[in-house]
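Printed here is start.txt (compact mmCIF, C-alpha atoms and all ligand atoms):
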# COMPACT_ATOMS: atom_id res chain seq x y z
CA MET A 1010 -0.26 19.48 8.02
CA LEU A 1011 1.22 18.62 11.42
CA THR A 1012 3.40 21.27 13.02
CA LYS A 1013 6.90 20.87 14.34
CA GLU A 1014 5.54 21.39 17.88
CA LYS A 1015 3.05 18.55 17.37
CA PHE A 1016 5.77 16.16 16.26
CA ILE A 1017 7.84 17.06 19.34
CA GLU A 1018 4.81 16.52 21.58
CA LEU A 1019 4.02 13.14 19.98
CA SER A 1020 7.60 11.95 20.19
CA GLN A 1021 7.61 12.71 23.91
CA LYS A 1022 4.21 11.18 24.55
CA TYR A 1023 4.63 7.95 22.54
CA SER A 1024 8.40 7.67 22.09
CA THR A 1025 10.08 6.95 18.74
CA PRO A 1026 10.20 5.52 16.10
CA LEU A 1027 6.53 6.30 15.59
CA TYR A 1028 4.15 6.30 12.65
CA VAL A 1029 1.74 9.24 12.62
CA TYR A 1030 -1.24 9.46 10.24
CA ASP A 1031 -3.27 12.58 9.62
CA PHE A 1032 -6.81 11.30 9.01
CA ASP A 1033 -7.99 14.64 7.58
CA ILE A 1034 -5.61 14.08 4.68
CA ILE A 1035 -7.03 10.57 4.16
CA LYS A 1036 -10.52 12.06 4.07
CA ASP A 1037 -9.49 14.69 1.49
CA ASN A 1038 -7.91 11.99 -0.66
CA VAL A 1039 -11.02 9.80 -0.58
CA ASN A 1040 -13.23 12.77 -1.40
CA ALA A 1041 -11.04 13.65 -4.37
CA PHE A 1042 -11.62 10.15 -5.82
CA LYS A 1043 -15.35 10.33 -5.12
CA LYS A 1044 -15.59 13.69 -6.85
CA ALA A 1045 -13.62 12.53 -9.87
CA PHE A 1046 -15.90 9.53 -10.45
CA CYS A 1047 -19.19 11.11 -9.34
CA ALA A 1048 -20.65 10.94 -12.85
CA ARG A 1049 -20.81 7.13 -12.72
CA LYS A 1050 -21.78 4.35 -10.35
CA SER A 1051 -18.50 3.62 -8.62
CA ILE A 1052 -16.96 2.05 -5.54
CA ILE A 1053 -13.60 3.03 -4.12
CA CYS A 1054 -12.14 -0.27 -2.98
CA TYR A 1055 -9.13 0.89 -0.99
CA ALA A 1056 -6.13 -1.44 -1.45
CA LEU A 1057 -5.64 -2.64 2.08
CA LYS A 1058 -2.06 -3.72 1.56
CA ALA A 1059 -0.94 -0.09 1.58
CA ASN A 1060 -1.91 0.30 5.23
CA SER A 1061 -4.12 -2.22 6.96
CA ASN A 1062 -4.40 -0.73 10.44
CA LEU A 1063 -7.92 -1.40 11.70
CA SER A 1064 -8.52 2.23 12.64
CA VAL A 1065 -7.53 3.35 9.14
CA LEU A 1066 -9.97 0.79 7.72
CA LYS A 1067 -12.72 1.79 10.12
CA TYR A 1068 -12.27 5.42 9.10
CA LEU A 1069 -12.45 4.44 5.44
CA SER A 1070 -15.62 2.44 6.07
CA LEU A 1071 -17.18 5.61 7.51
CA LEU A 1072 -16.23 7.31 4.24
CA ASP A 1073 -18.14 4.58 2.33
CA CYS A 1074 -15.09 2.84 0.91
CA GLY A 1075 -14.87 -0.82 0.02
CA CYS A 1076 -11.64 -2.83 0.12
CA ASP A 1077 -9.38 -4.66 -2.29
CA CYS A 1078 -7.74 -7.54 -0.40
CA VAL A 1079 -4.88 -9.86 -1.35
CA SER A 1080 -5.13 -12.41 1.41
CA ILE A 1081 -7.96 -13.97 3.34
CA ASN A 1082 -6.66 -12.26 6.46
CA GLU A 1083 -6.97 -8.91 4.72
CA VAL A 1084 -10.59 -9.86 3.94
CA LYS A 1085 -11.12 -10.60 7.63
CA ARG A 1086 -9.51 -7.31 8.64
CA ALA A 1087 -11.82 -5.43 6.29
CA ILE A 1088 -14.90 -7.17 7.69
CA LEU A 1089 -13.74 -6.61 11.27
CA ALA A 1090 -13.35 -2.92 10.53
CA GLY A 1091 -16.93 -2.69 9.30
CA ILE A 1092 -16.41 -2.63 5.53
CA PRO A 1093 -19.60 -4.11 4.02
CA LYS A 1094 -19.05 -7.54 2.46
CA TYR A 1095 -20.63 -6.45 -0.78
CA LYS A 1096 -17.82 -3.92 -1.19
CA ILE A 1097 -14.96 -6.39 -0.62
CA ILE A 1098 -13.03 -7.99 -3.45
CA TYR A 1099 -10.32 -10.57 -3.15
CA SER A 1100 -7.37 -10.76 -5.59
CA GLY A 1101 -3.98 -12.49 -5.63
CA VAL A 1102 -2.19 -15.12 -7.71
CA GLY A 1103 -1.96 -17.79 -5.03
CA LYS A 1104 -5.15 -18.38 -3.09
CA SER A 1105 -5.18 -21.74 -1.32
CA GLU A 1106 -8.15 -24.08 -1.13
CA SER A 1107 -8.99 -22.98 2.39
CA ASP A 1108 -8.66 -19.27 1.39
CA ILE A 1109 -11.20 -19.82 -1.39
CA LYS A 1110 -13.59 -21.74 0.87
CA GLU A 1111 -13.48 -18.98 3.46
CA ALA A 1112 -13.98 -16.27 0.86
CA LEU A 1113 -17.03 -18.09 -0.52
CA ASN A 1114 -18.40 -18.57 2.96
CA LEU A 1115 -17.90 -14.90 3.77
CA ASP A 1116 -19.96 -13.98 0.71
CA ILE A 1117 -17.85 -11.05 -0.49
CA LEU A 1118 -18.58 -9.18 -3.74
CA PHE A 1119 -16.30 -11.28 -5.94
CA ILE A 1120 -13.06 -13.19 -6.21
CA ASN A 1121 -10.60 -11.96 -8.82
CA LEU A 1122 -9.21 -14.97 -10.69
CA GLU A 1123 -5.65 -14.91 -11.95
CA SER A 1124 -5.29 -18.27 -13.77
CA ILE A 1125 -7.23 -21.06 -15.46
CA GLU A 1126 -6.23 -23.53 -12.76
CA GLU A 1127 -7.46 -21.18 -10.08
CA MET A 1128 -10.81 -20.84 -11.87
CA LEU A 1129 -11.23 -24.62 -11.98
CA LYS A 1130 -10.34 -24.84 -8.30
CA VAL A 1131 -12.92 -22.18 -7.41
CA GLU A 1132 -15.52 -23.99 -9.50
CA GLN A 1133 -14.82 -27.30 -7.76
CA ILE A 1134 -14.98 -25.74 -4.29
CA ALA A 1135 -18.19 -23.86 -5.14
CA LYS A 1136 -19.68 -27.13 -6.41
CA ASP A 1137 -18.73 -28.91 -3.19
CA MET A 1138 -20.34 -26.10 -1.22
CA ASN A 1139 -23.31 -26.03 -3.57
CA LYS A 1140 -22.78 -22.34 -4.19
CA GLU A 1141 -22.40 -20.06 -7.16
CA ALA A 1142 -19.09 -18.18 -6.92
CA ARG A 1143 -19.17 -14.58 -8.09
CA ILE A 1144 -15.96 -14.03 -10.02
CA SER A 1145 -14.00 -11.50 -11.98
CA ILE A 1146 -10.91 -12.18 -14.10
CA ARG A 1147 -7.71 -10.20 -13.85
CA VAL A 1148 -6.54 -9.41 -17.34
CA ASN A 1149 -2.91 -8.68 -18.05
CA PRO A 1150 -3.04 -6.15 -20.90
CA ASN A 1151 0.72 -6.35 -21.61
CA ILE A 1152 1.28 -2.62 -21.24
CA ASP A 1153 4.38 -1.01 -19.83
CA ALA A 1154 3.34 1.07 -16.83
CA LYS A 1155 6.78 2.77 -16.79
CA THR A 1156 7.45 2.29 -13.10
CA HIS A 1157 9.98 0.46 -10.91
CA PRO A 1158 10.27 -3.16 -12.20
CA TYR A 1159 9.38 -4.57 -8.76
CA ILE A 1160 6.00 -2.81 -8.84
CA SER A 1161 5.16 -3.20 -12.52
CA THR A 1162 2.44 -5.82 -12.95
CA GLY A 1163 0.85 -5.44 -16.39
CA LEU A 1164 3.50 -6.98 -18.65
CA LYS A 1165 3.60 -10.49 -20.11
CA GLU A 1166 6.66 -11.27 -18.02
CA ASN A 1167 4.83 -10.42 -14.78
CA LYS A 1168 3.07 -13.16 -12.85
CA PHE A 1169 -0.24 -11.33 -12.63
CA GLY A 1170 -3.49 -11.99 -14.47
CA VAL A 1171 -4.08 -13.77 -17.76
CA ASP A 1172 -3.73 -12.54 -21.34
CA LEU A 1173 -6.76 -11.24 -23.21
CA ASP A 1174 -7.33 -14.38 -25.29
CA SER A 1175 -7.20 -16.72 -22.29
CA ALA A 1176 -9.50 -14.36 -20.38
CA LYS A 1177 -12.07 -14.57 -23.17
CA LYS A 1178 -12.03 -18.37 -23.07
CA MET A 1179 -12.28 -18.32 -19.28
CA TYR A 1180 -15.36 -16.07 -19.43
CA ILE A 1181 -17.04 -18.37 -21.95
CA TYR A 1182 -16.31 -21.36 -19.71
CA ALA A 1183 -17.46 -19.58 -16.54
CA ASN A 1184 -20.62 -18.37 -18.21
CA ASN A 1185 -21.57 -21.95 -18.92
CA SER A 1186 -20.74 -23.21 -15.44
CA LYS A 1187 -23.49 -23.72 -12.91
CA TYR A 1188 -21.08 -22.80 -10.12
CA LEU A 1189 -19.40 -19.69 -11.50
CA LEU A 1190 -21.00 -16.32 -12.05
CA PRO A 1191 -18.75 -13.93 -13.98
CA ILE A 1192 -19.68 -10.40 -12.94
CA GLY A 1193 -16.46 -8.40 -13.24
CA ILE A 1194 -13.27 -7.76 -15.13
CA HIS A 1195 -10.09 -6.42 -13.60
CA PHE A 1196 -6.75 -4.92 -14.57
CA HIS A 1197 -3.94 -3.35 -12.53
CA ILE A 1198 -0.71 -2.57 -14.36
CA GLY A 1199 1.55 -1.32 -11.59
CA SER A 1200 2.06 1.04 -8.73
CA GLN A 1201 3.46 4.57 -8.29
CA LEU A 1202 2.33 5.40 -11.84
CA LEU A 1203 2.99 8.93 -12.98
CA GLU A 1204 1.77 8.62 -16.57
CA LEU A 1205 -1.86 8.41 -17.51
CA GLU A 1206 -1.47 6.99 -21.00
CA PRO A 1207 -0.65 3.36 -20.05
CA LEU A 1208 -3.75 3.28 -17.82
CA ILE A 1209 -6.03 4.53 -20.58
CA LEU A 1210 -4.46 2.18 -23.13
CA SER A 1211 -5.09 -0.73 -20.76
CA ALA A 1212 -8.69 0.34 -20.20
CA LYS A 1213 -9.22 0.49 -23.98
CA LYS A 1214 -7.91 -3.05 -24.43
CA VAL A 1215 -10.09 -4.35 -21.61
CA VAL A 1216 -13.16 -2.54 -22.92
CA GLU A 1217 -12.63 -4.11 -26.33
CA LEU A 1218 -12.78 -7.49 -24.61
CA ILE A 1219 -15.93 -6.47 -22.72
CA TRP A 1220 -17.67 -5.66 -26.03
CA GLY A 1221 -16.57 -8.99 -27.45
CA LEU A 1222 -17.95 -10.74 -24.39
CA LEU A 1223 -21.28 -8.94 -24.63
CA ALA A 1224 -21.67 -10.36 -28.12
CA LEU A 1225 -21.19 -13.79 -26.52
CA LYS A 1226 -23.83 -13.03 -23.90
CA VAL A 1227 -21.34 -12.59 -21.07
CA ASP A 1228 -22.88 -9.60 -19.37
CA LEU A 1229 -20.51 -8.12 -16.80
CA LYS A 1230 -21.57 -5.66 -14.12
CA PHE A 1231 -18.25 -4.31 -12.84
CA ILE A 1232 -15.05 -3.02 -14.36
CA ASP A 1233 -12.26 -2.94 -11.81
CA ILE A 1234 -9.65 -0.46 -13.03
CA GLY A 1235 -7.08 -1.30 -10.36
CA GLY A 1236 -5.05 1.24 -8.42
CA GLY A 1237 -1.53 2.42 -9.00
CA LEU A 1238 -1.77 6.20 -9.03
CA GLY A 1239 1.49 7.65 -7.84
CA ILE A 1240 2.10 10.38 -5.27
CA SER A 1241 4.80 13.00 -5.19
CA TYR A 1242 7.74 11.97 -3.01
CA GLY A 1243 9.74 14.98 -4.17
CA ASN A 1244 8.98 17.10 -7.19
CA GLU A 1245 7.24 14.52 -9.36
CA GLU A 1246 4.15 15.67 -11.19
CA ILE A 1247 1.27 13.36 -10.38
CA ILE A 1248 -1.69 12.24 -12.46
CA ASP A 1249 -4.62 14.60 -12.15
CA LEU A 1250 -7.59 12.62 -10.77
CA TYR A 1251 -10.14 14.43 -12.89
CA SER A 1252 -8.22 13.68 -16.13
CA TYR A 1253 -7.80 10.09 -14.95
CA ALA A 1254 -11.51 9.63 -14.33
CA GLN A 1255 -12.48 11.37 -17.57
CA GLY A 1256 -9.98 9.25 -19.51
CA ILE A 1257 -11.38 6.03 -18.06
CA LEU A 1258 -15.00 7.12 -18.44
CA SER A 1259 -14.46 8.01 -22.09
CA THR A 1260 -13.48 4.40 -22.83
CA LEU A 1261 -16.71 3.14 -21.24
CA SER A 1262 -19.34 4.99 -23.19
CA GLY A 1263 -22.27 2.79 -24.10
CA LEU A 1264 -21.53 0.31 -21.32
CA ASP A 1265 -23.56 0.08 -18.13
CA LEU A 1266 -20.84 -0.94 -15.69
CA THR A 1267 -20.09 0.02 -12.12
CA ILE A 1268 -16.51 1.22 -11.81
CA ILE A 1269 -14.36 -0.16 -9.04
CA CYS A 1270 -11.05 1.55 -8.41
CA GLU A 1271 -8.46 0.25 -5.99
CA PRO A 1272 -6.19 3.09 -4.89
CA GLY A 1273 -3.87 2.43 -1.98
CA ARG A 1274 -0.96 4.83 -2.01
CA ARG A 1275 -2.98 7.79 -3.26
CA ILE A 1276 -5.36 7.44 -0.29
CA VAL A 1277 -2.90 7.06 2.58
CA GLY A 1278 0.62 7.78 1.27
CA ASN A 1279 0.92 11.50 1.98
CA ALA A 1280 -1.01 11.18 5.26
CA GLY A 1281 1.78 9.36 7.09
CA SER A 1282 5.07 10.43 8.68
CA LEU A 1283 7.63 8.38 10.51
CA VAL A 1284 9.02 10.22 13.52
CA SER A 1285 12.45 9.09 14.61
CA SER A 1286 15.17 10.27 16.95
CA VAL A 1287 18.84 10.75 16.31
CA LEU A 1288 21.03 8.33 18.23
CA TYR A 1289 24.52 9.31 17.09
CA GLU A 1290 26.48 11.07 14.42
CA LYS A 1291 29.78 9.73 13.07
CA GLN A 1292 32.03 10.46 10.15
CA ASN A 1293 35.22 9.45 8.38
CA GLU A 1294 37.18 11.36 5.71
CA ASN A 1295 34.64 10.46 3.02
CA LYS A 1296 31.35 10.05 4.65
CA ARG A 1297 29.12 11.30 7.43
CA PHE A 1298 26.37 9.17 8.96
CA CYS A 1299 23.43 10.22 11.04
CA ILE A 1300 22.23 7.16 12.93
CA ILE A 1301 18.57 7.24 13.87
CA ASP A 1302 16.29 4.87 15.76
CA ALA A 1303 14.15 3.99 12.68
CA ALA A 1304 15.53 1.38 10.30
CA MET A 1305 14.80 -0.72 7.23
CA ASN A 1306 12.57 -3.00 9.29
CA ASP A 1307 10.32 0.03 9.93
CA LEU A 1308 10.49 1.45 6.40
CA ILE A 1309 11.93 -0.80 3.74
CA ARG A 1310 11.09 1.31 0.68
CA PRO A 1311 14.50 3.05 0.37
CA SER A 1312 16.41 -0.25 0.70
CA LEU A 1313 14.08 -2.24 -1.56
CA TYR A 1314 13.17 0.21 -4.32
CA SER A 1315 15.78 2.95 -3.84
CA ALA A 1316 12.80 5.11 -2.94
CA ASN A 1317 13.42 8.70 -1.93
CA HIS A 1318 11.44 10.02 0.99
CA ARG A 1319 11.70 13.65 2.04
CA VAL A 1320 13.25 14.06 5.46
CA GLU A 1321 12.92 17.00 7.79
CA PHE A 1322 14.97 17.79 10.84
CA ILE A 1323 13.79 19.14 14.14
CA LYS A 1324 16.56 20.34 16.38
CA LEU A 1325 15.72 20.35 20.02
CA ALA A 1326 17.56 22.40 22.60
CA LEU A 1327 19.83 19.55 23.58
CA THR A 1328 23.43 19.49 24.57
CA ASN A 1329 25.66 17.43 22.38
CA ILE A 1330 27.57 14.41 23.66
CA GLU A 1331 30.81 16.05 24.75
CA ILE A 1332 33.87 14.63 23.01
CA PRO A 1333 37.12 14.78 25.05
CA PRO A 1334 39.97 16.66 23.28
CA LEU A 1335 41.96 13.43 22.85
CA LEU A 1336 39.18 12.00 20.65
CA LEU A 1337 38.43 15.13 18.66
CA ASP A 1338 38.88 14.76 14.91
CA SER A 1339 40.15 17.69 12.88
CA THR A 1340 38.15 16.74 9.74
CA PRO A 1341 35.53 19.43 9.26
CA LEU A 1342 31.94 18.22 9.42
CA HIS A 1343 30.69 17.14 5.98
CA SER A 1344 27.55 19.05 5.15
CA ARG A 1345 25.86 15.97 3.66
CA ALA A 1346 25.15 12.71 5.43
CA ASP A 1347 23.49 9.34 4.96
CA ILE A 1348 20.64 8.78 7.39
CA VAL A 1349 20.89 5.19 8.52
CA GLY A 1350 19.31 2.85 11.04
CA PRO A 1351 20.76 0.47 13.64
CA ILE A 1352 20.29 -2.73 11.56
CA CYS A 1353 23.30 -4.86 10.64
CA GLU A 1354 23.12 -4.35 6.88
CA SER A 1355 24.83 -1.75 4.72
CA GLY A 1356 21.55 -1.51 2.82
CA ASP A 1357 19.86 -0.22 5.95
CA TYR A 1358 19.33 3.42 5.13
CA ILE A 1359 16.47 5.90 5.08
CA ALA A 1360 18.01 8.66 2.97
CA LYS A 1361 21.33 9.17 1.24
CA ASN A 1362 23.58 12.14 0.87
CA VAL A 1363 21.24 14.74 2.30
CA GLU A 1364 22.21 18.19 3.47
CA ILE A 1365 21.70 18.27 7.23
CA PRO A 1366 22.65 20.45 10.16
CA ARG A 1367 24.81 19.03 12.96
CA MET A 1368 22.40 16.78 14.80
CA ASN A 1369 22.49 15.99 18.48
CA SER A 1370 21.38 12.81 20.11
CA GLY A 1371 17.62 13.18 20.69
CA ASP A 1372 16.93 15.58 17.79
CA LEU A 1373 14.09 14.44 15.55
CA VAL A 1374 14.12 13.27 11.95
CA ILE A 1375 10.71 13.21 10.27
CA ILE A 1376 10.38 10.94 7.25
CA ARG A 1377 7.53 12.04 5.03
CA ASP A 1378 4.93 10.34 2.84
CA VAL A 1379 5.18 6.94 4.49
CA GLY A 1380 1.47 6.29 5.05
CA ALA A 1381 1.47 3.66 2.28
CA TYR A 1382 3.71 0.58 2.33
CA GLY A 1383 5.45 1.89 5.45
CA PHE A 1384 4.20 0.08 8.51
CA SER A 1385 2.44 -2.56 6.39
CA MET A 1386 5.81 -3.74 5.06
CA SER A 1387 7.59 -3.55 8.37
CA SER A 1388 9.11 -6.56 10.09
CA ASN A 1389 10.80 -7.67 13.29
CA TYR A 1390 14.19 -8.15 11.60
CA ASN A 1391 17.07 -7.99 14.09
CA SER A 1392 14.41 -8.69 16.75
CA ARG A 1393 13.37 -5.09 16.62
CA PHE A 1394 9.92 -4.03 17.76
CA LYS A 1395 7.39 -2.94 15.18
CA CYS A 1396 6.49 0.72 15.67
CA ALA A 1397 3.57 2.24 17.47
CA GLU A 1398 1.06 4.06 15.25
CA VAL A 1399 -0.88 7.20 16.08
CA ALA A 1400 -3.83 8.80 14.29
CA ILE A 1401 -4.58 12.50 14.31
CA ILE A 1402 -8.33 13.00 14.10
CA ASP A 1403 -9.85 16.45 14.55
CA SER A 1404 -6.48 17.64 15.89
CA LYS A 1405 -6.49 14.99 18.64
CA ASP A 1406 -3.97 12.19 18.77
CA ARG A 1407 -5.05 8.60 19.34
CA LEU A 1408 -2.83 5.55 19.72
CA ILE A 1409 -4.04 3.05 17.09
CA ARG A 1410 -1.31 0.44 17.55
CA LYS A 1411 0.91 -0.21 20.52
CA ARG A 1412 4.61 -0.68 19.99
CA ASP A 1413 5.58 -4.36 20.21
CA ASP A 1414 7.09 -5.57 23.43
CA PHE A 1415 9.54 -8.41 24.00
CA ASN A 1416 6.75 -10.91 24.54
CA ASP A 1417 5.33 -10.13 21.06
CA LEU A 1418 8.66 -11.16 19.59
CA ILE A 1419 8.80 -14.56 21.23
CA SER A 1420 5.24 -15.52 21.99
CA ASN A 1421 4.84 -17.92 19.04
CA GLU A 1422 8.13 -19.68 19.55
CA ILE A 1423 8.24 -23.07 21.17
CA GLU A 1424 11.20 -24.21 23.21
CA PHE A 1425 11.97 -27.77 22.23
CA LEU A 1426 15.34 -28.35 23.82
N1 LIG B 1 -4.70 -3.31 -6.80
C1 LIG B 1 -3.84 -4.32 -6.96
C2 LIG B 1 -4.28 -5.56 -7.61
C3 LIG B 1 -2.52 -4.18 -6.52
O1 LIG B 1 -1.65 -5.17 -6.70
C4 LIG B 1 -2.13 -2.97 -5.88
C5 LIG B 1 -0.76 -2.81 -5.40
C6 LIG B 1 -3.07 -1.96 -5.73
C7 LIG B 1 -4.37 -2.17 -6.20
C8 LIG B 1 -2.76 -0.67 -5.06
O2 LIG B 1 -1.77 0.02 -5.72
P1 LIG B 1 -1.43 1.54 -5.29
O3 LIG B 1 -2.66 2.37 -5.58
O4 LIG B 1 -1.13 1.55 -3.85
O5 LIG B 1 -0.29 1.90 -6.12
N2 LIG B 1 5.27 -1.98 -1.92
C9 LIG B 1 5.31 -1.15 -3.10
C10 LIG B 1 3.99 -1.09 -3.80
C11 LIG B 1 3.41 -2.45 -4.13
C12 LIG B 1 2.07 -2.37 -4.80
C13 LIG B 1 1.45 -3.70 -4.92
N3 LIG B 1 0.14 -3.69 -5.49
C14 LIG B 1 5.84 0.22 -2.73
O6 LIG B 1 6.16 0.45 -1.57
O7 LIG B 1 5.99 1.08 -3.59
Could the structure of this file be written out as structure tokens, please?
Amino acid sequence: MLTKEKFIELSQKYSTPLYVYDFDIIKDNVNAFKKAFCARKSIICYALKANSNLSVLKYLSLLDCGCDCVSINEVKRAILAGIPKYKIIYSGVGKSESDIKEALNLDILFINLESIEEMLKVEQIAKDMNKEARISIRVNPNIDAKTHPYISTGLKENKFGVDLDSAKKMYIYANNSKYLLPIGIHFHIGSQLLELEPLILSAKKVVELIWGLLALKVDLKFIDIGGGLGISYGNEEIIDLYSYAQGILSTLSGLDLTIICEPGRRIVGNAGSLVSSVLYEKQNENKRFCIIDAAMNDLIRPSLYSANHRVEFIKLALTNIEIPPLLLDSTPLHSRADIVGPICESGDYIAKNVEIPRMNSGDLVIIRDVGAYGFSMSSNYNSRFKCAEVAIIDSKDRLIRKRDDFNDLISNEIEFL
């Protein structure tokens, strides 16, 4: 856990807004997964989308992790960071022809197929390349994961995977194809899951299909149980990893399959903090705002999912901006405020209605549990720079991404007038 003094030091050394990741926490999280699944052959294929910084990936490769990728560029990132190709899987509903070609050329563990058309496309490309494509099929078990609708993926109305009956037909087809080698089966029903039951129910449905396939001589080697395990952003109770692993393992008895799990958030989420500085305070009769230098382009989760992130305040010994008597307002300071960023949208906020002390310009606001889907979802909206990122390894800080500069914003644009 980083101390207040450390955050102050980092803010002065690297400026704000700044993402800081504690790699010891990442290591503990990986080890907890390893321990939970130690009774079985298993690979932890970290879901890169949660945080794809190369140093994070490199660190995970040293901890023997594989990667779950959802774009060919994520595959390339994983390889660049030293993740072995035989531990890389590639999912996603919309892989283009060139994505598939590259994936086959790179010889990763398998491609997760999400539709019949995609399977036929992969077969055709493999044929053209005179290769056998190792594949897995993403099954949509039609189970309610009981999470935010934007991050629920295992229901019929979601675009992901194929239903169990179609999957069965696809496996039969693939098993008879010279250019397709079905070796895995995959499900992932949603993210930030706090209930175990939907995961176990999904596993049971998928295992039933695996038994049916065995009878048809489709002999799979891997079951990919997806990711989705939630973390605590406040007081939520999270799924115990041991119970999770035991629950999954109990559905697999009698089957000789390697388990692949794809956690993202549970590996990096609680390892990250976003350090920001207060710019101004303002208030009217109804509302008080604390305006900070981090915004929705840096952390979009509150604006997009109404996510709540814990915020902490570090008051520095600063003098407040002095307000001349003429401009002084008699309204007493509201004890609660919205913490908002500089972006031109009312939806640009980091936290709402939180109890905060009177903040001075330059005081720090630390936004917690942003290691997953924080920087990786950030953008240059309003022509703002993407943040710098710092890793803490063995108590030492290392810059792992520079803050953008103006040239980064414009370098791909072409003046045509
Ligand atoms: N596997 C697949 C196929 C996925 O689609 C995902 C996440 C994961 C694994 C990793 O899920 P995790 O363990 O991180 O929950 N931006 C959202 C989360 C989107 C998750 C998308 N898929 C958020 O900020 O909450």
Write out as a short mmCIF file (atom, residue, chain, number, x, y, z; two decimals) with C-alpha atoms, in the coordinates of the input each polymer residue whose atoms come within 10 Å of Leu1264 (chain A), counting all atoms listed in the file; drop sequence neighbours fewer than 4 positions from it.
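Below is the file that was written, result34.cif:
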data_model
loop_
_atom_site.label_atom_id
_atom_site.label_comp_id
_atom_site.auth_asym_id
_atom_site.auth_seq_id
_atom_site.Cartn_x
_atom_site.Cartn_y
_atom_site.Cartn_z
CA VAL A 1216 -13.16 -2.54 -22.92
CA ILE A 1219 -15.93 -6.47 -22.72
CA TRP A 1220 -17.67 -5.66 -26.03
CA LEU A 1223 -21.28 -8.94 -24.63
CA LEU A 1229 -20.51 -8.12 -16.80
CA LYS A 1230 -21.57 -5.66 -14.12
CA LEU A 1258 -15.00 7.12 -18.44
CA THR A 1260 -13.48 4.40 -22.83
#
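Picture a line from CA of Val1029 (chain A) to CA of Ile1247 (chain A); it runs 23.4 Å.
Between ligand LIG 1 (chain B) and the candidates A:Ser1355, A:Gln1021, A:Asn1040, A:Ser1100, the tightest atom-to-atom separation, counting only C-alpha atoms and all ligand atoms, involves A:Ser1100.
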Tell me, counting all atoms listed in the file, for each residue of region 1363-1408 of chain A within 12 Å of region 1042-1061 of chain A, which pair of atoms is nearest and how far apart they are in Å to one decimal, in rows ordered by chain and increasing number, as a tab-separated table.
residue	atom	partner	partner_atom	distance
A:Val1379	CA	A:Asn1060	CA	9.7
A:Gly1380	CA	A:Asn1060	CA	6.9
A:Ala1381	CA	A:Ala1059	CA	4.5
A:Tyr1382	CA	A:Ala1059	CA	4.8
A:Gly1383	CA	A:Asn1060	CA	7.5
A:Phe1384	CA	A:Asn1060	CA	6.9
A:Ser1385	CA	A:Asn1060	CA	5.3
A:Met1386	CA	A:Ala1059	CA	8.4
A:Ser1387	CA	A:Asn1060	CA	10.7
A:Glu1398	CA	A:Asn1060	CA	11.1
Residues within 6 Å of ligand LIG 1 (chain B) (only C-alpha atoms and all ligand atoms), as a short mmCIF file (atom, residue, chain, number, x, y, z; two decimals) with C-alpha atoms, in the frame of the given file?
data_model
loop_
_atom_site.label_atom_id
_atom_site.label_comp_id
_atom_site.auth_asym_id
_atom_site.auth_seq_id
_atom_site.Cartn_x
_atom_site.Cartn_y
_atom_site.Cartn_z
CA ALA A 1056 -6.13 -1.44 -1.45
CA ALA A 1059 -0.94 -0.09 1.58
CA ILE A 1160 6.00 -2.81 -8.84
CA HIS A 1197 -3.94 -3.35 -12.53
CA SER A 1200 2.06 1.04 -8.73
CA GLN A 1201 3.46 4.57 -8.29
CA GLY A 1235 -7.08 -1.30 -10.36
CA GLY A 1236 -5.05 1.24 -8.42
CA GLY A 1237 -1.53 2.42 -9.00
CA LEU A 1238 -1.77 6.20 -9.03
CA GLU A 1271 -8.46 0.25 -5.99
CA PRO A 1272 -6.19 3.09 -4.89
CA GLY A 1273 -3.87 2.43 -1.98
CA ARG A 1274 -0.96 4.83 -2.01
CA ARG A 1275 -2.98 7.79 -3.26
CA ARG A 1310 11.09 1.31 0.68
CA TYR A 1382 3.71 0.58 2.33
#
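When CA of Asp1413 (chain A) is paired with CA of Val1399 (chain A), their separation reads 13.9 Å.
Closest approach to Ala1254 (chain A) from the set A:Leu1208, A:Ala1087, A:Ile1276, A:Arg1407 is made by A:Leu1208, with distances taken over all atoms listed in the file.
The neighbours of Ile1017 (chain A) here are the residues that come within 9 Å of it, using all atoms listed in the file and leaving out any residue fewer than 5 positions away in the same chain; they are A:Thr1012, A:Lys1022, A:Ile1323, A:Leu1325, A:Leu1373.
Minimum atom-to-atom distances from A:Lys1013, A:His1343, A:Arg1297, A:Lys1094 to Asp1372 (chain A) were compared using all atoms listed in the file, and the lowest value belongs to A:Lys1013.
Interatomic distance, CA of Ile1134 (chain A) against CA of Asn1114 (chain A): 10.8 Å.
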